[in-house]
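Chemist: My structure is stored as work-v1.pdb, with PDB, C-alpha atoms.
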ATOM      1  CA  MET A   1      -8.085  25.308 -61.830
ATOM      2  CA  LYS A   2      -8.704  22.508 -59.327
ATOM      3  CA  LYS A   3     -12.354  21.517 -58.879
ATOM      4  CA  VAL A   4     -13.331  20.400 -55.393
ATOM      5  CA  ALA A   5     -16.421  18.418 -54.473
ATOM      6  CA  VAL A   6     -17.931  19.490 -51.140
ATOM      7  CA  ILE A   7     -20.383  17.086 -49.487
ATOM      8  CA  LEU A   8     -22.892  18.812 -47.210
ATOM      9  CA  ALA A   9     -25.151  17.244 -44.587
ATOM     10  CA  GLY A  10     -27.947  19.783 -44.318
ATOM     11  CA  CYS A  11     -27.805  23.281 -42.862
ATOM     12  CA  GLY A  12     -27.090  23.992 -39.201
ATOM     13  CA  VAL A  13     -24.606  22.791 -36.608
ATOM     14  CA  PHE A  14     -26.969  20.593 -34.575
ATOM     15  CA  ASP A  15     -28.664  18.658 -37.384
ATOM     16  CA  GLY A  16     -26.771  19.435 -40.591
ATOM     17  CA  SER A  17     -23.517  20.930 -41.823
ATOM     18  CA  GLU A  18     -21.841  23.518 -39.616
ATOM     19  CA  ILE A  19     -22.451  26.756 -41.499
ATOM     20  CA  TYR A  20     -19.217  28.552 -40.631
ATOM     21  CA  GLU A  21     -17.115  25.494 -41.459
ATOM     22  CA  SER A  22     -18.876  25.103 -44.787
ATOM     23  CA  VAL A  23     -18.564  28.749 -45.804
ATOM     24  CA  LEU A  24     -14.933  28.952 -44.704
ATOM     25  CA  THR A  25     -14.213  25.882 -46.830
ATOM     26  CA  LEU A  26     -15.841  27.346 -49.926
ATOM     27  CA  LEU A  27     -14.107  30.696 -49.437
ATOM     28  CA  ARG A  28     -10.678  29.140 -49.037
ATOM     29  CA  ILE A  29     -11.135  27.002 -52.149
ATOM     30  CA  GLU A  30     -11.716  30.170 -54.175
ATOM     31  CA  GLN A  31      -8.782  31.906 -52.478
ATOM     32  CA  ASN A  32      -6.653  29.034 -53.816
ATOM     33  CA  SER A  33      -7.924  29.778 -57.340
ATOM     34  CA  GLY A  34     -10.034  26.635 -57.231
ATOM     35  CA  SER A  35     -13.704  26.017 -57.872
ATOM     36  CA  TYR A  36     -16.213  23.938 -55.938
ATOM     37  CA  GLN A  37     -19.433  22.015 -56.402
ATOM     38  CA  CYS A  38     -21.643  21.356 -53.401
ATOM     39  CA  MET A  39     -23.586  18.098 -53.218
ATOM     40  CA  ALA A  40     -25.637  16.217 -50.628
ATOM     41  CA  PRO A  41     -27.548  12.956 -50.282
ATOM     42  CA  ASN A  42     -31.248  13.188 -51.098
ATOM     43  CA  ILE A  43     -32.481  11.731 -47.799
ATOM     44  CA  GLU A  44     -34.468  12.808 -44.773
ATOM     45  CA  GLN A  45     -32.556  14.192 -41.814
ATOM     46  CA  LEU A  46     -32.304  12.049 -38.690
ATOM     47  CA  HIS A  47     -34.262  14.795 -36.937
ATOM     48  CA  VAL A  48     -34.669  18.568 -36.885
ATOM     49  CA  ILE A  49     -33.255  20.733 -34.102
ATOM     50  CA  ASP A  50     -34.679  24.159 -33.261
ATOM     51  CA  HIS A  51     -31.395  26.092 -33.139
ATOM     52  CA  LEU A  52     -32.967  28.887 -31.080
ATOM     53  CA  LYS A  53     -34.223  26.648 -28.290
ATOM     54  CA  GLY A  54     -31.766  23.774 -28.697
ATOM     55  CA  GLU A  55     -34.655  21.328 -28.722
ATOM     56  CA  GLU A  56     -35.867  18.726 -31.209
ATOM     57  CA  ALA A  57     -38.664  20.047 -33.427
ATOM     58  CA  ASN A  58     -41.680  18.016 -34.494
ATOM     59  CA  GLU A  59     -41.027  18.221 -38.233
ATOM     60  CA  SER A  60     -38.974  16.584 -40.969
ATOM     61  CA  ARG A  61     -36.530  18.083 -43.445
ATOM     62  CA  ASN A  62     -34.602  16.812 -46.440
ATOM     63  CA  VAL A  63     -30.798  16.904 -46.343
ATOM     64  CA  LEU A  64     -30.413  17.954 -49.990
ATOM     65  CA  VAL A  65     -33.063  20.672 -49.735
ATOM     66  CA  GLU A  66     -31.548  22.086 -46.544
ATOM     67  CA  ALA A  67     -27.998  21.913 -47.909
ATOM     68  CA  ALA A  68     -29.185  23.922 -50.922
ATOM     69  CA  ARG A  69     -29.536  26.880 -48.528
ATOM     70  CA  LEU A  70     -25.783  26.823 -47.944
ATOM     71  CA  ALA A  71     -25.017  26.391 -51.637
ATOM     72  CA  ARG A  72     -27.328  29.223 -52.759
ATOM     73  CA  GLY A  73     -29.262  26.600 -54.723
ATOM     74  CA  ASN A  74     -26.263  25.415 -56.759
ATOM     75  CA  ILE A  75     -26.149  21.851 -55.499
ATOM     76  CA  LEU A  76     -26.193  18.295 -56.853
ATOM     77  CA  ASP A  77     -27.913  15.186 -55.622
ATOM     78  CA  LEU A  78     -24.912  13.153 -54.471
ATOM     79  CA  ALA A  79     -26.337  10.069 -56.197
ATOM     80  CA  ASP A  80     -25.924  11.863 -59.542
ATOM     81  CA  ALA A  81     -22.420  13.240 -58.920
ATOM     82  CA  ASN A  82     -19.548  11.757 -60.930
ATOM     83  CA  PRO A  83     -16.236  11.451 -59.025
ATOM     84  CA  ASP A  84     -14.368  11.685 -62.334
ATOM     85  CA  ASP A  85     -15.396  15.340 -62.571
ATOM     86  CA  TYR A  86     -13.446  16.421 -59.464
ATOM     87  CA  ASP A  87      -9.848  16.731 -58.338
ATOM     88  CA  ALA A  88     -10.489  16.567 -54.584
ATOM     89  CA  LEU A  89     -13.190  16.195 -51.940
ATOM     90  CA  ILE A  90     -13.849  18.024 -48.669
ATOM     91  CA  ILE A  91     -16.517  17.156 -46.093
ATOM     92  CA  PRO A  92     -17.258  19.880 -43.501
ATOM     93  CA  GLY A  93     -18.434  18.962 -40.016
ATOM     94  CA  GLY A  94     -21.496  19.694 -37.953
ATOM     95  CA  PHE A  95     -23.653  17.038 -36.308
ATOM     96  CA  GLY A  96     -25.150  16.249 -39.716
ATOM     97  CA  ALA A  97     -21.943  14.416 -40.606
ATOM     98  CA  ALA A  98     -22.617  12.103 -37.669
ATOM     99  CA  LYS A  99     -26.404  12.008 -38.060
ATOM    100  CA  ASN A 100     -27.109  12.171 -41.803
ATOM    101  CA  LEU A 101     -23.911  11.268 -43.680
ATOM    102  CA  SER A 102     -23.378   8.499 -41.149
ATOM    103  CA  ASN A 103     -25.089   7.282 -37.976
ATOM    104  CA  PHE A 104     -22.039   7.759 -35.767
ATOM    105  CA  ALA A 105     -24.008   9.969 -33.360
ATOM    106  CA  VAL A 106     -26.347   7.051 -32.632
ATOM    107  CA  GLU A 107     -24.201   3.951 -33.140
ATOM    108  CA  GLY A 108     -20.698   5.142 -32.272
ATOM    109  CA  ALA A 109     -18.052   2.573 -33.210
ATOM    110  CA  ASN A 110     -20.777   0.341 -34.703
ATOM    111  CA  CYS A 111     -21.815   3.018 -37.183
ATOM    112  CA  SER A 112     -22.247   2.864 -40.937
ATOM    113  CA  VAL A 113     -21.880   5.499 -43.661
ATOM    114  CA  ASN A 114     -24.605   6.606 -46.063
ATOM    115  CA  GLU A 115     -24.352   4.570 -49.270
ATOM    116  CA  ASP A 116     -23.964   7.550 -51.611
ATOM    117  CA  VAL A 117     -21.374   9.200 -49.356
ATOM    118  CA  ALA A 118     -19.383   5.969 -49.210
ATOM    119  CA  ARG A 119     -19.605   5.349 -52.962
ATOM    120  CA  PHE A 120     -18.456   8.834 -53.942
ATOM    121  CA  THR A 121     -15.719   9.133 -51.318
ATOM    122  CA  LYS A 122     -14.290   5.676 -51.942
ATOM    123  CA  ALA A 123     -14.219   6.335 -55.680
ATOM    124  CA  MET A 124     -12.295   9.576 -55.125
ATOM    125  CA  HIS A 125      -9.876   7.769 -52.838
ATOM    126  CA  ALA A 126      -9.404   4.858 -55.227
ATOM    127  CA  ALA A 127      -8.472   7.343 -57.953
ATOM    128  CA  GLY A 128      -5.726   8.768 -55.743
ATOM    129  CA  LYS A 129      -7.495  12.058 -55.147
ATOM    130  CA  PRO A 130      -7.101  13.832 -51.779
ATOM    131  CA  VAL A 131      -9.932  14.047 -49.258
ATOM    132  CA  GLY A 132     -10.314  16.522 -46.392
ATOM    133  CA  LEU A 133     -12.636  15.970 -43.420
ATOM    134  CA  ILE A 134     -13.445  18.611 -40.822
ATOM    135  CA  CYS A 135     -14.628  18.573 -37.187
ATOM    136  CA  ILE A 136     -16.631  15.356 -36.465
ATOM    137  CA  ALA A 137     -16.553  14.159 -40.098
ATOM    138  CA  PRO A 138     -13.199  12.348 -39.548
ATOM    139  CA  ALA A 139     -15.090   9.818 -37.407
ATOM    140  CA  MET A 140     -15.991   8.196 -40.745
ATOM    141  CA  THR A 141     -12.371   7.733 -41.858
ATOM    142  CA  PRO A 142     -11.876   4.060 -40.876
ATOM    143  CA  LEU A 143     -15.005   3.098 -42.830
ATOM    144  CA  LEU A 144     -14.147   5.220 -45.858
ATOM    145  CA  PHE A 145     -10.394   4.640 -46.186
ATOM    146  CA  GLY A 146      -9.725   1.433 -44.293
ATOM    147  CA  GLU A 147      -8.150   0.392 -41.046
ATOM    148  CA  GLY A 148      -4.983   2.200 -40.023
ATOM    149  CA  THR A 149      -6.024   5.554 -41.477
ATOM    150  CA  THR A 150      -4.618   8.393 -39.364
ATOM    151  CA  CYS A 151      -6.973  11.264 -38.534
ATOM    152  CA  THR A 152      -7.943  13.752 -35.854
ATOM    153  CA  ILE A 153     -11.076  15.139 -34.249
ATOM    154  CA  GLY A 154      -8.989  17.186 -31.822
ATOM    155  CA  THR A 155      -8.706  15.946 -28.248
ATOM    156  CA  ASP A 156     -12.094  14.437 -27.353
ATOM    157  CA  ALA A 157     -11.216  11.125 -25.681
ATOM    158  CA  ASP A 158     -14.533   9.342 -26.255
ATOM    159  CA  THR A 159     -14.686  10.129 -29.963
ATOM    160  CA  ALA A 160     -11.017   9.249 -30.391
ATOM    161  CA  ALA A 161     -11.629   5.914 -28.660
ATOM    162  CA  ALA A 162     -14.512   5.139 -31.027
ATOM    163  CA  ILE A 163     -12.302   5.885 -34.038
ATOM    164  CA  GLU A 164      -9.628   3.568 -32.651
ATOM    165  CA  ALA A 165     -12.250   0.869 -32.027
ATOM    166  CA  MET A 166     -13.207   1.053 -35.713
ATOM    167  CA  GLY A 167      -9.597   0.510 -36.710
ATOM    168  CA  GLY A 168      -8.505   4.089 -37.245
ATOM    169  CA  LYS A 169      -5.471   5.809 -35.757
ATOM    170  CA  HIS A 170      -6.354   8.962 -33.885
ATOM    171  CA  GLN A 171      -3.815  11.725 -33.390
ATOM    172  CA  ALA A 172      -4.490  14.595 -30.985
ATOM    173  CA  CYS A 173      -4.318  17.973 -32.708
ATOM    174  CA  PRO A 174      -4.837  21.636 -31.763
ATOM    175  CA  VAL A 175      -7.488  23.715 -33.466
ATOM    176  CA  ASN A 176      -5.033  25.589 -35.674
ATOM    177  CA  GLU A 177      -3.354  22.514 -37.150
ATOM    178  CA  THR A 178      -4.152  19.531 -39.372
ATOM    179  CA  VAL A 179      -3.264  15.853 -39.440
ATOM    180  CA  THR A 180      -2.366  14.293 -42.789
ATOM    181  CA  ASP A 181      -2.220  10.616 -43.658
ATOM    182  CA  THR A 182       0.241  11.084 -46.491
ATOM    183  CA  ASP A 183      -0.081   7.580 -47.919
ATOM    184  CA  LYS A 184      -3.864   7.799 -48.136
ATOM    185  CA  LYS A 185      -4.044  11.522 -48.981
ATOM    186  CA  VAL A 186      -6.490  12.178 -46.137
ATOM    187  CA  VAL A 187      -6.333  15.519 -44.284
ATOM    188  CA  THR A 188      -8.304  16.263 -41.104
ATOM    189  CA  THR A 189      -8.660  19.192 -38.681
ATOM    190  CA  PRO A 190     -10.672  19.698 -35.451
ATOM    191  CA  ALA A 191     -12.391  23.024 -36.247
ATOM    192  CA  TYR A 192     -15.430  23.365 -33.948
ATOM    193  CA  MET A 193     -14.553  20.219 -32.039
ATOM    194  CA  LEU A 194     -12.188  22.679 -30.334
ATOM    195  CA  ALA A 195     -12.759  26.142 -31.797
ATOM    196  CA  GLY A 196     -14.164  28.868 -29.602
ATOM    197  CA  SER A 197     -14.604  31.337 -32.456
ATOM    198  CA  ILE A 198     -14.910  31.509 -36.222
ATOM    199  CA  SER A 199     -11.333  32.772 -36.414
ATOM    200  CA  GLU A 200     -10.061  29.714 -34.558
ATOM    201  CA  ALA A 201     -12.052  27.424 -36.834
ATOM    202  CA  ALA A 202     -10.626  29.195 -39.883
ATOM    203  CA  SER A 203      -7.038  28.713 -38.701
ATOM    204  CA  GLY A 204      -7.226  24.959 -39.204
ATOM    205  CA  ILE A 205      -9.721  24.868 -42.052
ATOM    206  CA  ASN A 206      -7.565  27.173 -44.187
ATOM    207  CA  LYS A 207      -4.586  24.862 -43.703
ATOM    208  CA  LEU A 208      -6.704  21.823 -44.562
ATOM    209  CA  VAL A 209      -8.031  23.332 -47.789
ATOM    210  CA  ASP A 210      -4.530  24.494 -48.757
ATOM    211  CA  ALA A 211      -3.141  20.989 -48.175
ATOM    212  CA  VAL A 212      -5.929  19.237 -50.080
ATOM    213  CA  ILE A 213      -5.565  21.496 -53.121
ATOM    214  CA  ASP A 214      -1.760  21.178 -53.036
ATOM    215  CA  MET A 215      -2.139  17.388 -53.208
ATOM    216  CA  ALA A 216      -4.734  17.482 -55.986
TER     217      ALA A 216
END
Could you rewrite the structure in this file as structure tokens?
Modeler:
Amino acid sequence: MKKVAVILAGCGVFDGSEIYESVLTLLRIEQNSGSYQCMAPNIEQLHVIDHLKGEEANESRNVLVEAARLARGNILDLADANPDDYDALIIPGGFGAAKNLSNFAVEGANCSVNEDVARFTKAMHAAGKPVGLICIAPAMTPLLFGEGTTCTIGTDADTAAAIEAMGGKHQACPVNETVTDTDKKVVTTPAYMLAGSISEAASGINKLVDAVIDMA
């Protein structure tokens, strides 16, 4: 049984992990006879968005505590997670990947990645283990895997240009497909960068999870 680490960024599309993308990922891992362990950095969110009104709320929330909602409480502080315990890694999207796991939403091509996210992901990569990134999460690929890494966020020109400016290679991709950098064992898919429904998001996410587990 392959064990997959899943890094979450909170709970909710606008300020955390995209819930559908996260759940679809976990479901598909089990459908591949794998197991998963959710984890998240123990940090404060960049901000909190009221998902009903679409407005910023005057409160603060913790990424690990919010991500625990998605994981039904079974979650690790990313700082305590050991890459040696896992065969693969998947990072779902949602704005939290660009606000909490990194600051791409604020800094664009000048962004940086959270220290614990970078440490864990780079250790997995250095050990030759496959990594999947979904939706906006692939914006971190040049910083995590080095210049020349091929990835996709779909067809958004501005985001693709930022990835290229950081040294990545962006490849346009439809919602129901994936892009794989075979040499670096990095798989990406657009999901809700393009998806208009949960079924469309699943079409690419399922292929990504299948590919990551096949490479593990």
Chemist: When distances are computed from all atoms listed in the file, which of A:Ala88, A:Val48, A:Ala195, A:His170 shows the smallest separation from Glu147 in chain A?
Modeler: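 Of A:Ala88, A:Val48, A:Ala195, A:His170, the one nearest Glu147 in chain A is A:His170, counting all atoms listed in the file.
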Chemist: Could you spell out the hits of the PyMOL selection byres ((chain A and resi 35) around 9) on the shown file, as a list in words?
Modeler: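 For this structure, the PyMOL selection byres ((chain A and resi 35) around 9) resolves to Met1, Lys2, Lys3, Val4, Ala5, Leu26, Ile29, Glu30, Asn32, Ser33, Gly34, Tyr36 and Gln37 of chain A.
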Chemist: With all atoms listed in the file as the counted atoms, please give the residues lying no more than 9 Å from Ile7 in chain A, apart from itself and same-chain residues fewer than 3 positions off, as a list in words.
Modeler: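 The residues satisfying every condition are Gln37, Cys38, Met39, Ala40, Pro41, Leu78, Leu89, Ile90, Ile91, Pro92, Leu101 and Val117 of chain A.
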Chemist: Here is a test: counting only C-alpha atoms, which residue of A:Gly54, A:Ala160, A:Val175, A:His47 is nearest to Ser197 in chain A?
Modeler: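 So, comparing all the options, the nearest one is A:Val175.
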Chemist: Just the residues within 12 Å of Phe104 in chain A, please, counting only C-alpha atoms, with nothing from its chain fewer than 5 positions along; format it as a ChimeraX atom specification.
Modeler: /A:46,95-99,109-114,136-143,159,162-163,166
Chemist: Determine the nearest neighbour of Pro83 in chain A from the options A:Val131, A:Ala105, A:Ile198, A:Ile49, counting all atoms listed in the file.
Modeler: A:Val131
Chemist: To one decimal place in Å, what is the distance between CA of Ala57 in chain A and CA of Ser17 in chain A?
Modeler: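 So the answer is 17.3 Å.
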Chemist: Could you check the closest approach to Ala202 in chain A for each of A:Val106, A:Ala126, A:Ala71, A:Leu27 and tell me which residue wins, using all atoms listed in the file?
Modeler: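 Using all atoms listed in the file, Ala202 in chain A sits closest to A:Leu27.
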Chemist: Tell me, in Å to one decimal, how far CA of Ala161 in chain A is from CA of Gly204 in chain A.
Modeler: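 Taking CA of Ala161 in chain A and CA of Gly204 in chain A, their separation equals 22.2 Å.
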Chemist: Could you work out how far CA of Phe14 in chain A lies from CA of Asn58 in chain A, giving the answer in Å with one decimal?
Modeler: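 Taking CA of Asn58 in chain A and CA of Phe14 in chain A, their separation equals 14.9 Å.
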Chemist: Selection in question (the file shown): the PyMOL selection byres ((chain A and resi 169) around 8). Which residues does it include, as a short mmCIF file (atom, residue, chain, number, x, y, z; two decimals) with C-alpha atoms, in the coordinates of the input?
Modeler:
data_model
loop_
_atom_site.label_atom_id
_atom_site.label_comp_id
_atom_site.auth_asym_id
_atom_site.auth_seq_id
_atom_site.Cartn_x
_atom_site.Cartn_y
_atom_site.Cartn_z
CA GLY A 148 -4.98 2.20 -40.02
CA THR A 149 -6.02 5.55 -41.48
CA THR A 150 -4.62 8.39 -39.36
CA CYS A 151 -6.97 11.26 -38.53
CA ILE A 163 -12.30 5.88 -34.04
CA GLU A 164 -9.63 3.57 -32.65
CA GLY A 167 -9.60 0.51 -36.71
CA GLY A 168 -8.51 4.09 -37.24
CA HIS A 170 -6.35 8.96 -33.88
CA GLN A 171 -3.82 11.72 -33.39
#
Chemist: Can you pull out every residue within 8 Å of range 177-189 of chain A, counting only C-alpha atoms, but drop anything in the same chain fewer than 4 positions away, and send it as a list in words?
Modeler: His125, Gly128, Lys129, Pro130, Val131, Gly132, Leu133, Ile134, Cys135, Pro138, Phe145, Thr149, Thr150, Cys151, Thr152, Ile153, Gly154, Gln171, Cys173, Ser203, Gly204, Ile205, Lys207, Leu208, Ala211, Val212 and Met215 of chain A
Chemist: Select, from A:Arg28, A:Asn42, A:Ala9, A:Val63, the residue with the minimum atom-to-atom distance to Asp80 in chain A, counting only C-alpha atoms.
Modeler: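 Looking only at the distances to Asp80 in chain A, the closest residue turns out to be A:Asn42.
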Chemist: Just add N, CA and C atoms to range 109-124 of chain A and send it as a PDB file, in the frame of the given file.
Modeler:
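Output contents, as saved in rebuild.pdb:
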ATOM      1  N   ALA A 109     -18.999   3.428 -32.495  1.00  0.00           N
ATOM      2  CA  ALA A 109     -18.052   2.573 -33.210  1.00  0.00           C
ATOM      3  C   ALA A 109     -18.734   1.517 -34.082  1.00  0.00           C
ATOM      4  N   ASN A 110     -20.024   1.297 -33.884  1.00  0.00           N
ATOM      5  CA  ASN A 110     -20.777   0.341 -34.703  1.00  0.00           C
ATOM      6  C   ASN A 110     -21.498   1.010 -35.869  1.00  0.00           C
ATOM      7  N   CYS A 111     -21.093   2.213 -36.200  1.00  0.00           N
ATOM      8  CA  CYS A 111     -21.815   3.018 -37.183  1.00  0.00           C
ATOM      9  C   CYS A 111     -21.596   2.536 -38.614  1.00  0.00           C
ATOM     10  N   SER A 112     -22.401   3.081 -39.502  1.00  0.00           N
ATOM     11  CA  SER A 112     -22.247   2.864 -40.937  1.00  0.00           C
ATOM     12  C   SER A 112     -22.335   4.219 -41.631  1.00  0.00           C
ATOM     13  N   VAL A 113     -21.883   4.264 -42.880  1.00  0.00           N
ATOM     14  CA  VAL A 113     -21.880   5.499 -43.661  1.00  0.00           C
ATOM     15  C   VAL A 113     -22.949   5.417 -44.736  1.00  0.00           C
ATOM     16  N   ASN A 114     -23.613   6.538 -44.990  1.00  0.00           N
ATOM     17  CA  ASN A 114     -24.605   6.606 -46.063  1.00  0.00           C
ATOM     18  C   ASN A 114     -24.028   6.043 -47.360  1.00  0.00           C
ATOM     19  N   GLU A 115     -24.820   5.279 -48.073  1.00  0.00           N
ATOM     20  CA  GLU A 115     -24.352   4.570 -49.270  1.00  0.00           C
ATOM     21  C   GLU A 115     -23.783   5.501 -50.326  1.00  0.00           C
ATOM     22  N   ASP A 116     -24.452   6.626 -50.587  1.00  0.00           N
ATOM     23  CA  ASP A 116     -23.964   7.550 -51.611  1.00  0.00           C
ATOM     24  C   ASP A 116     -22.685   8.258 -51.169  1.00  0.00           C
ATOM     25  N   VAL A 117     -22.597   8.591 -49.879  1.00  0.00           N
ATOM     26  CA  VAL A 117     -21.374   9.200 -49.356  1.00  0.00           C
ATOM     27  C   VAL A 117     -20.213   8.233 -49.498  1.00  0.00           C
ATOM     28  N   ALA A 118     -20.436   6.973 -49.120  1.00  0.00           N
ATOM     29  CA  ALA A 118     -19.383   5.969 -49.210  1.00  0.00           C
ATOM     30  C   ALA A 118     -18.954   5.731 -50.657  1.00  0.00           C
ATOM     31  N   ARG A 119     -19.927   5.604 -51.551  1.00  0.00           N
ATOM     32  CA  ARG A 119     -19.605   5.349 -52.962  1.00  0.00           C
ATOM     33  C   ARG A 119     -18.749   6.460 -53.540  1.00  0.00           C
ATOM     34  N   PHE A 120     -19.168   7.692 -53.348  1.00  0.00           N
ATOM     35  CA  PHE A 120     -18.456   8.834 -53.942  1.00  0.00           C
ATOM     36  C   PHE A 120     -17.071   8.988 -53.326  1.00  0.00           C
ATOM     37  N   THR A 121     -16.999   8.923 -52.001  1.00  0.00           N
ATOM     38  CA  THR A 121     -15.719   9.133 -51.318  1.00  0.00           C
ATOM     39  C   THR A 121     -14.728   8.029 -51.638  1.00  0.00           C
ATOM     40  N   LYS A 122     -15.188   6.789 -51.633  1.00  0.00           N
ATOM     41  CA  LYS A 122     -14.290   5.676 -51.942  1.00  0.00           C
ATOM     42  C   LYS A 122     -13.806   5.733 -53.385  1.00  0.00           C
ATOM     43  N   ALA A 123     -14.634   6.202 -54.283  1.00  0.00           N
ATOM     44  CA  ALA A 123     -14.219   6.335 -55.680  1.00  0.00           C
ATOM     45  C   ALA A 123     -13.145   7.414 -55.824  1.00  0.00           C
ATOM     46  N   MET A 124     -13.315   8.519 -55.113  1.00  0.00           N
ATOM     47  CA  MET A 124     -12.295   9.576 -55.125  1.00  0.00           C
ATOM     48  C   MET A 124     -10.981   9.026 -54.578  1.00  0.00           C
TER      49      MET A 124
END
